[in-house]
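Note sheet for the following structure.
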Amino acid sequence: MPAPPARMPERAVVITRPRAQAEGLAQAVAARGRRAEVLPLLEIAPVEDTAPLRAALATLTSCALVVFVSPNAVDAAFAHLAAWPAGVPIGVVGEGSRAALARHGITGDQATIHAPQDPACSDSEHLLASLDLAALAGRRVLIVRGDGGRALMADTLRAAGALVETVAAYRRSVPRLDAALAARLAALLGGTNDWIITSSEALHGLAGLVRELDPGAGMEALRAQHLIVPHARIAETARALGCTQVTLTGSGDLRLLEALH
């Protein structure tokens, strides 16, 4: 009697967000009957010296606008805030940051929240397009972000005459390829899975880990994976790395989940 055919391993949904933002999406993936694998490609940590952040947050009432560039920026700032000052507008680049604000009790009922007019377009360019830049001339704008990051937001606001201050609220780093991570990465690259990648930095980090894991065939294995990304800039990064199975969804967890079907 012939042996039954070998069962193909279940296709996984690999969620590469920092762990604090990954669990909710993992639960939603599981609720849709898929196996979720949380594999954070960026580690988030507080800045070593929080004094500049606390000093900036102490003067929020003098700001015409406070921009949070990511959910991590929101969470890091609100760790030092008892309440949001009335009348201070907020800018966010994506639905994830809006959701992070809501977790801290801040919605459109408590503050004016500026965001890209099309929720599918989560980037600095579309947030800037939604703002009255002329009205910010000569006024103070605070940008809360991670260490480093794009300068487009600050440069554009300064060119419009705004008095821009940036402050780092957290640090980002790619995890070290220890034995446990190497084993998980090798297992996931051994099949074909759906990878949710929500930042170009995380994708570059993944490519570096893959090359370290297998300098020969590592990138070939990565290029065989299906990447689900919320932003055109990440899709461009993927294609520059030779990845061709790329689904661009737009911002928001619902769009990422819909791409799984």
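Letters A, B, ... mark the chains of the structure tokens in the order given; residue numbers begin at 1 per chain; ligand numbers begin at 1, in order shown.
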What's around region 45-51 of chain A at 9 Å? Count only C-alpha atoms, leave out sequence neighbours fewer than 3 positions away in its own chain, and write the answer as a compact mmCIF listing (two decimals) with C-alpha atoms, in the first residue's frame.
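Just written: part.txt:
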# COMPACT_ATOMS: atom_id res chain seq x y z
CA ARG A 54 10.67 65.32 28.88
CA ALA A 55 11.79 68.94 28.33
CA ALA A 56 10.09 69.08 24.94
CA ALA A 76 7.15 56.64 24.21
CA GLY A 146 12.84 57.59 16.76
CA ASP A 147 16.54 58.23 16.66
CA ALA A 168 14.02 61.34 19.80
CA ALA A 169 11.60 59.31 21.91
CA TYR A 170 12.96 55.80 21.31
CA ARG A 171 15.81 53.79 19.80
CA ARG A 172 15.55 51.17 17.06
CA SER A 173 17.89 48.27 16.38
Which neighbours of Ser251 (chain A) fall inside 9 Å, counting only C-alpha atoms, when residues of the same chain fewer than 5 positions from it are skipped, and could you give them as a list of chain:residue names?
->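 Here the answer would be A:Gly94, A:Glu95, A:Gly96, A:Pro119, A:Ala120, A:Cys121, A:Ser122, A:Val229, A:Pro230, A:His231, A:Leu256.
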Selection above as a file: N, CA, C and O atoms, as a compact mmCIF listing (two decimals), in the first residue's frame:
# COMPACT_ATOMS: atom_id res chain seq x y z
N GLY A 94 -0.07 57.83 9.90
CA GLY A 94 -0.77 56.60 9.55
C GLY A 94 -1.82 56.21 10.56
O GLY A 94 -1.90 56.77 11.67
N GLU A 95 -2.62 55.22 10.18
CA GLU A 95 -3.71 54.76 11.04
C GLU A 95 -3.18 54.07 12.30
O GLU A 95 -3.84 54.06 13.33
N GLY A 96 -1.98 53.50 12.23
CA GLY A 96 -1.40 52.88 13.42
C GLY A 96 -1.15 53.89 14.52
O GLY A 96 -1.40 53.62 15.71
N PRO A 119 -6.56 57.34 3.95
CA PRO A 119 -5.95 56.47 4.95
C PRO A 119 -5.03 55.41 4.36
O PRO A 119 -4.20 54.84 5.07
N ALA A 120 -5.17 55.15 3.05
CA ALA A 120 -4.31 54.16 2.43
C ALA A 120 -2.90 54.68 2.20
O ALA A 120 -1.99 53.91 1.90
N CYS A 121 -2.73 55.99 2.32
CA CYS A 121 -1.42 56.62 2.04
C CYS A 121 -0.82 57.13 3.35
O CYS A 121 -1.11 58.25 3.79
N SER A 122 0.00 56.32 3.98
CA SER A 122 0.54 56.67 5.30
C SER A 122 2.01 57.07 5.17
O SER A 122 2.89 56.24 5.27
N VAL A 229 3.03 44.70 2.16
CA VAL A 229 3.57 45.97 2.67
C VAL A 229 2.50 47.06 2.55
O VAL A 229 1.69 47.05 1.62
N PRO A 230 2.49 48.01 3.51
CA PRO A 230 1.45 49.03 3.49
C PRO A 230 1.81 50.29 2.71
O PRO A 230 0.97 51.17 2.56
N HIS A 231 3.06 50.40 2.24
CA HIS A 231 3.48 51.67 1.67
C HIS A 231 4.34 51.46 0.43
O HIS A 231 5.15 50.53 0.37
N LEU A 256 -4.06 45.09 5.51
CA LEU A 256 -3.05 44.04 5.58
C LEU A 256 -3.72 42.67 5.67
O LEU A 256 -3.31 41.70 5.01
Of A:Ala20, A:Thr244, A:Ala159, A:Val13, the one nearest to Arg32 (chain A) when counting only C-alpha atoms is A:Val13
Apply DSSP to the backbone of this structure and, from region 10-142 of chain A, keep only the residues in alpha helix (DSSP H); write these as a PyMOL selection string.
-> chain A and resi 19-31+51-57+71-78+95-103+124-130
Just how far from CA of Val14 (chain A) is CA of Thr192 (chain A), in Å to one decimal?
-> 10.6 Å
Quick one: DSSP strand (DSSP E or B) residues in region 3-229 of chain A, as JSON, numbers by chain?
-> {"A": [12, 13, 14, 15, 35, 36, 37, 38, 43, 44, 45, 46, 65, 66, 67, 68, 90, 91, 92, 113, 114, 140, 141, 142, 143, 144, 145, 146, 163, 164, 165, 166, 167, 168, 169, 170, 171, 172, 173, 194, 195, 196, 226, 227, 228, 229]}
Leu60 (chain A) surroundings by only C-alpha atoms, 12 Å radius, close-in-sequence under 6 positions cut, as a VMD selection string = chain A and resid 53 to 54 66 to 67 77 81 83 to 90 140 to 144 165
File dump, residues just selected, N, CA and C atoms, as a PDB file, in the first residue's frame:
ATOM      1  N   LEU A  53      13.492  64.645  25.801  1.00  0.00           N
ATOM      2  CA  LEU A  53      12.096  64.333  25.506  1.00  0.00           C
ATOM      3  C   LEU A  53      11.182  64.946  26.554  1.00  0.00           C
ATOM      4  N   ARG A  54      11.512  64.771  27.818  1.00  0.00           N
ATOM      5  CA  ARG A  54      10.669  65.324  28.876  1.00  0.00           C
ATOM      6  C   ARG A  54      10.634  66.842  28.814  1.00  0.00           C
ATOM      7  N   VAL A  66       2.008  69.124  16.980  1.00  0.00           N
ATOM      8  CA  VAL A  66       2.930  68.084  17.440  1.00  0.00           C
ATOM      9  C   VAL A  66       2.731  66.877  16.541  1.00  0.00           C
ATOM     10  N   VAL A  67       3.792  66.452  15.874  1.00  0.00           N
ATOM     11  CA  VAL A  67       3.721  65.335  14.934  1.00  0.00           C
ATOM     12  C   VAL A  67       4.344  64.094  15.569  1.00  0.00           C
ATOM     13  N   ALA A  77       6.155  58.856  24.085  1.00  0.00           N
ATOM     14  CA  ALA A  77       5.840  60.179  24.616  1.00  0.00           C
ATOM     15  C   ALA A  77       4.826  60.090  25.755  1.00  0.00           C
ATOM     16  N   LEU A  81       3.554  61.537  29.918  1.00  0.00           N
ATOM     17  CA  LEU A  81       2.466  62.508  29.926  1.00  0.00           C
ATOM     18  C   LEU A  81       1.310  62.020  30.782  1.00  0.00           C
ATOM     19  N   ALA A  83      -1.600  63.818  30.723  1.00  0.00           N
ATOM     20  CA  ALA A  83      -2.761  64.163  29.904  1.00  0.00           C
ATOM     21  C   ALA A  83      -2.276  65.003  28.733  1.00  0.00           C
ATOM     22  N   TRP A  84      -3.086  65.029  27.679  1.00  0.00           N
ATOM     23  CA  TRP A  84      -2.750  65.862  26.524  1.00  0.00           C
ATOM     24  C   TRP A  84      -3.309  67.259  26.746  1.00  0.00           C
ATOM     25  N   PRO A  85      -2.484  68.307  26.546  1.00  0.00           N
ATOM     26  CA  PRO A  85      -2.975  69.667  26.789  1.00  0.00           C
ATOM     27  C   PRO A  85      -4.057  70.073  25.793  1.00  0.00           C
ATOM     28  N   ALA A  86      -5.081  70.696  26.300  1.00  0.00           N
ATOM     29  CA  ALA A  86      -6.202  71.108  25.461  1.00  0.00           C
ATOM     30  C   ALA A  86      -5.745  72.099  24.405  1.00  0.00           C
ATOM     31  N   GLY A  87      -6.285  71.946  23.204  1.00  0.00           N
ATOM     32  CA  GLY A  87      -6.045  72.918  22.154  1.00  0.00           C
ATOM     33  C   GLY A  87      -4.773  72.720  21.355  1.00  0.00           C
ATOM     34  N   VAL A  88      -3.989  71.687  21.644  1.00  0.00           N
ATOM     35  CA  VAL A  88      -2.746  71.454  20.899  1.00  0.00           C
ATOM     36  C   VAL A  88      -3.019  70.417  19.807  1.00  0.00           C
ATOM     37  N   PRO A  89      -2.938  70.806  18.531  1.00  0.00           N
ATOM     38  CA  PRO A  89      -3.219  69.861  17.449  1.00  0.00           C
ATOM     39  C   PRO A  89      -2.115  68.810  17.315  1.00  0.00           C
ATOM     40  N   ILE A  90      -2.502  67.666  16.766  1.00  0.00           N
ATOM     41  CA  ILE A  90      -1.602  66.525  16.586  1.00  0.00           C
ATOM     42  C   ILE A  90      -1.574  66.152  15.110  1.00  0.00           C
ATOM     43  N   ARG A 140       5.737  77.264  16.358  1.00  0.00           N
ATOM     44  CA  ARG A 140       6.537  76.128  16.792  1.00  0.00           C
ATOM     45  C   ARG A 140       5.845  74.810  16.452  1.00  0.00           C
ATOM     46  N   VAL A 141       6.638  73.899  15.852  1.00  0.00           N
ATOM     47  CA  VAL A 141       6.164  72.547  15.539  1.00  0.00           C
ATOM     48  C   VAL A 141       7.155  71.565  16.157  1.00  0.00           C
ATOM     49  N   LEU A 142       6.641  70.608  16.910  1.00  0.00           N
ATOM     50  CA  LEU A 142       7.470  69.576  17.526  1.00  0.00           C
ATOM     51  C   LEU A 142       7.243  68.258  16.795  1.00  0.00           C
ATOM     52  N   ILE A 143       8.323  67.589  16.398  1.00  0.00           N
ATOM     53  CA  ILE A 143       8.247  66.280  15.758  1.00  0.00           C
ATOM     54  C   ILE A 143       8.846  65.250  16.711  1.00  0.00           C
ATOM     55  N   VAL A 144       8.026  64.301  17.118  1.00  0.00           N
ATOM     56  CA  VAL A 144       8.450  63.238  18.035  1.00  0.00           C
ATOM     57  C   VAL A 144       8.697  61.985  17.199  1.00  0.00           C
ATOM     58  N   GLU A 165      11.244  71.755  15.889  1.00  0.00           N
ATOM     59  CA  GLU A 165      12.108  71.052  16.841  1.00  0.00           C
ATOM     60  C   GLU A 165      11.827  69.563  16.702  1.00  0.00           C
TER      61      GLU A 165
END
Any idea what's packed within 9 Å of region 125-137 of chain A, counting only C-alpha atoms, ignoring anything in its chain fewer than 3 positions away? Could you give it as a PyMOL selection string?
-> chain A and resi 64-65+91-94+114-118+121-122+140-141+152-153+156-158+160-163
Selection to disk with N, CA, C and O atoms, as a short mmCIF file (atom, residue, chain, number, x, y, z; two decimals), in the first residue's frame:
data_model
loop_
_atom_site.label_atom_id
_atom_site.label_comp_id
_atom_site.auth_asym_id
_atom_site.auth_seq_id
_atom_site.Cartn_x
_atom_site.Cartn_y
_atom_site.Cartn_z
N ALA A 64 2.16 74.83 17.87
CA ALA A 64 1.03 74.92 16.94
C ALA A 64 0.67 73.56 16.38
O ALA A 64 -0.44 73.35 15.86
N LEU A 65 1.61 72.61 16.49
CA LEU A 65 1.38 71.25 15.99
C LEU A 65 2.43 70.34 16.61
O LEU A 65 3.60 70.71 16.73
N GLY A 91 -0.40 65.73 14.64
CA GLY A 91 -0.27 65.18 13.30
C GLY A 91 0.22 63.75 13.36
O GLY A 91 1.12 63.44 14.16
N VAL A 92 -0.36 62.87 12.56
CA VAL A 92 0.10 61.48 12.48
C VAL A 92 0.20 61.10 11.01
O VAL A 92 -0.54 61.61 10.17
N VAL A 93 1.10 60.16 10.71
CA VAL A 93 1.30 59.78 9.31
C VAL A 93 0.52 58.53 8.92
O VAL A 93 0.44 58.21 7.74
N GLY A 94 -0.07 57.83 9.90
CA GLY A 94 -0.77 56.60 9.55
C GLY A 94 -1.82 56.21 10.56
O GLY A 94 -1.90 56.77 11.67
N HIS A 114 -4.54 65.74 12.67
CA HIS A 114 -4.30 65.82 11.24
C HIS A 114 -3.67 64.52 10.77
O HIS A 114 -2.78 63.98 11.42
N ALA A 115 -4.14 64.02 9.62
CA ALA A 115 -3.62 62.78 9.07
C ALA A 115 -3.79 62.85 7.55
O ALA A 115 -4.53 63.71 7.03
N PRO A 116 -3.10 61.98 6.81
CA PRO A 116 -3.32 61.94 5.36
C PRO A 116 -4.79 61.78 5.04
O PRO A 116 -5.50 61.01 5.68
N GLN A 117 -5.26 62.52 4.03
CA GLN A 117 -6.69 62.46 3.69
C GLN A 117 -7.11 61.09 3.22
O GLN A 117 -8.24 60.65 3.46
N ASP A 118 -6.20 60.38 2.55
CA ASP A 118 -6.47 59.01 2.13
C ASP A 118 -5.80 58.08 3.13
O ASP A 118 -4.57 58.01 3.19
N CYS A 121 -2.73 55.99 2.32
CA CYS A 121 -1.42 56.62 2.04
C CYS A 121 -0.82 57.13 3.35
O CYS A 121 -1.11 58.25 3.79
N SER A 122 0.00 56.32 3.98
CA SER A 122 0.54 56.67 5.30
C SER A 122 2.01 57.07 5.17
O SER A 122 2.89 56.24 5.27
N ARG A 140 5.74 77.26 16.36
CA ARG A 140 6.54 76.13 16.79
C ARG A 140 5.85 74.81 16.45
O ARG A 140 4.66 74.61 16.73
N VAL A 141 6.64 73.90 15.85
CA VAL A 141 6.16 72.55 15.54
C VAL A 141 7.16 71.57 16.16
O VAL A 141 8.37 71.67 15.95
N LEU A 152 12.47 64.60 5.78
CA LEU A 152 11.54 65.30 4.88
C LEU A 152 10.55 66.17 5.64
O LEU A 152 10.32 67.33 5.27
N MET A 153 9.94 65.64 6.69
CA MET A 153 8.94 66.38 7.43
C MET A 153 9.52 67.68 8.00
O MET A 153 8.98 68.77 7.78
N THR A 156 10.63 70.21 5.17
CA THR A 156 9.52 70.86 4.47
C THR A 156 8.85 71.91 5.36
O THR A 156 8.51 73.02 4.89
N LEU A 157 8.68 71.58 6.63
CA LEU A 157 8.07 72.55 7.55
C LEU A 157 8.98 73.77 7.75
O LEU A 157 8.50 74.90 7.81
N ARG A 158 10.27 73.53 7.85
CA ARG A 158 11.20 74.66 7.98
C ARG A 158 11.17 75.54 6.74
O ARG A 158 11.20 76.78 6.83
N ALA A 160 8.72 76.08 4.95
CA ALA A 160 7.48 76.85 5.00
C ALA A 160 7.51 77.92 6.08
O ALA A 160 6.53 78.65 6.25
N GLY A 161 8.60 78.00 6.82
CA GLY A 161 8.74 79.04 7.84
C GLY A 161 8.42 78.62 9.25
O GLY A 161 8.47 79.44 10.18
N ALA A 162 8.09 77.35 9.46
CA ALA A 162 7.79 76.88 10.81
C ALA A 162 9.06 76.78 11.64
O ALA A 162 10.17 76.59 11.11
N LEU A 163 8.91 76.93 12.95
CA LEU A 163 10.03 76.80 13.89
C LEU A 163 10.01 75.36 14.39
O LEU A 163 9.27 75.01 15.31
#
Identify, on the basis of only C-alpha atoms, every residue whose closest approach to Gly218 (chain A) does not exceed 10 Å; exclude the query and any residue fewer than 4 positions from it along the same chain; express the result as a PyMOL selection string.
-> chain A and resi 186+189-190+207-214+222-223
Tell me which protein, DNA and RNA residues are within 9 Å of Val174 (chain A), counting only C-alpha atoms, leaving out same-chain ones fewer than 4 positions away, and put them as a PyMOL selection string.
-> chain A and resi 40-43+201-202+205-206+209
What gap, in Å, lies between CA of Ala180 (chain A) and CA of Gly33 (chain A)?
->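 These atoms are spaced 26.3 Å apart.
The shortest atom-to-atom distance to Leu101 (chain A), with only C-alpha atoms taken into account, belongs to A:Ser70 out of A:Ala30, A:Ser70, A:His80, A:Ser124.
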Between CA of Ile196 (chain A) and CA of Phe68 (chain A) - distance in Å to one decimal | 22.2 Å
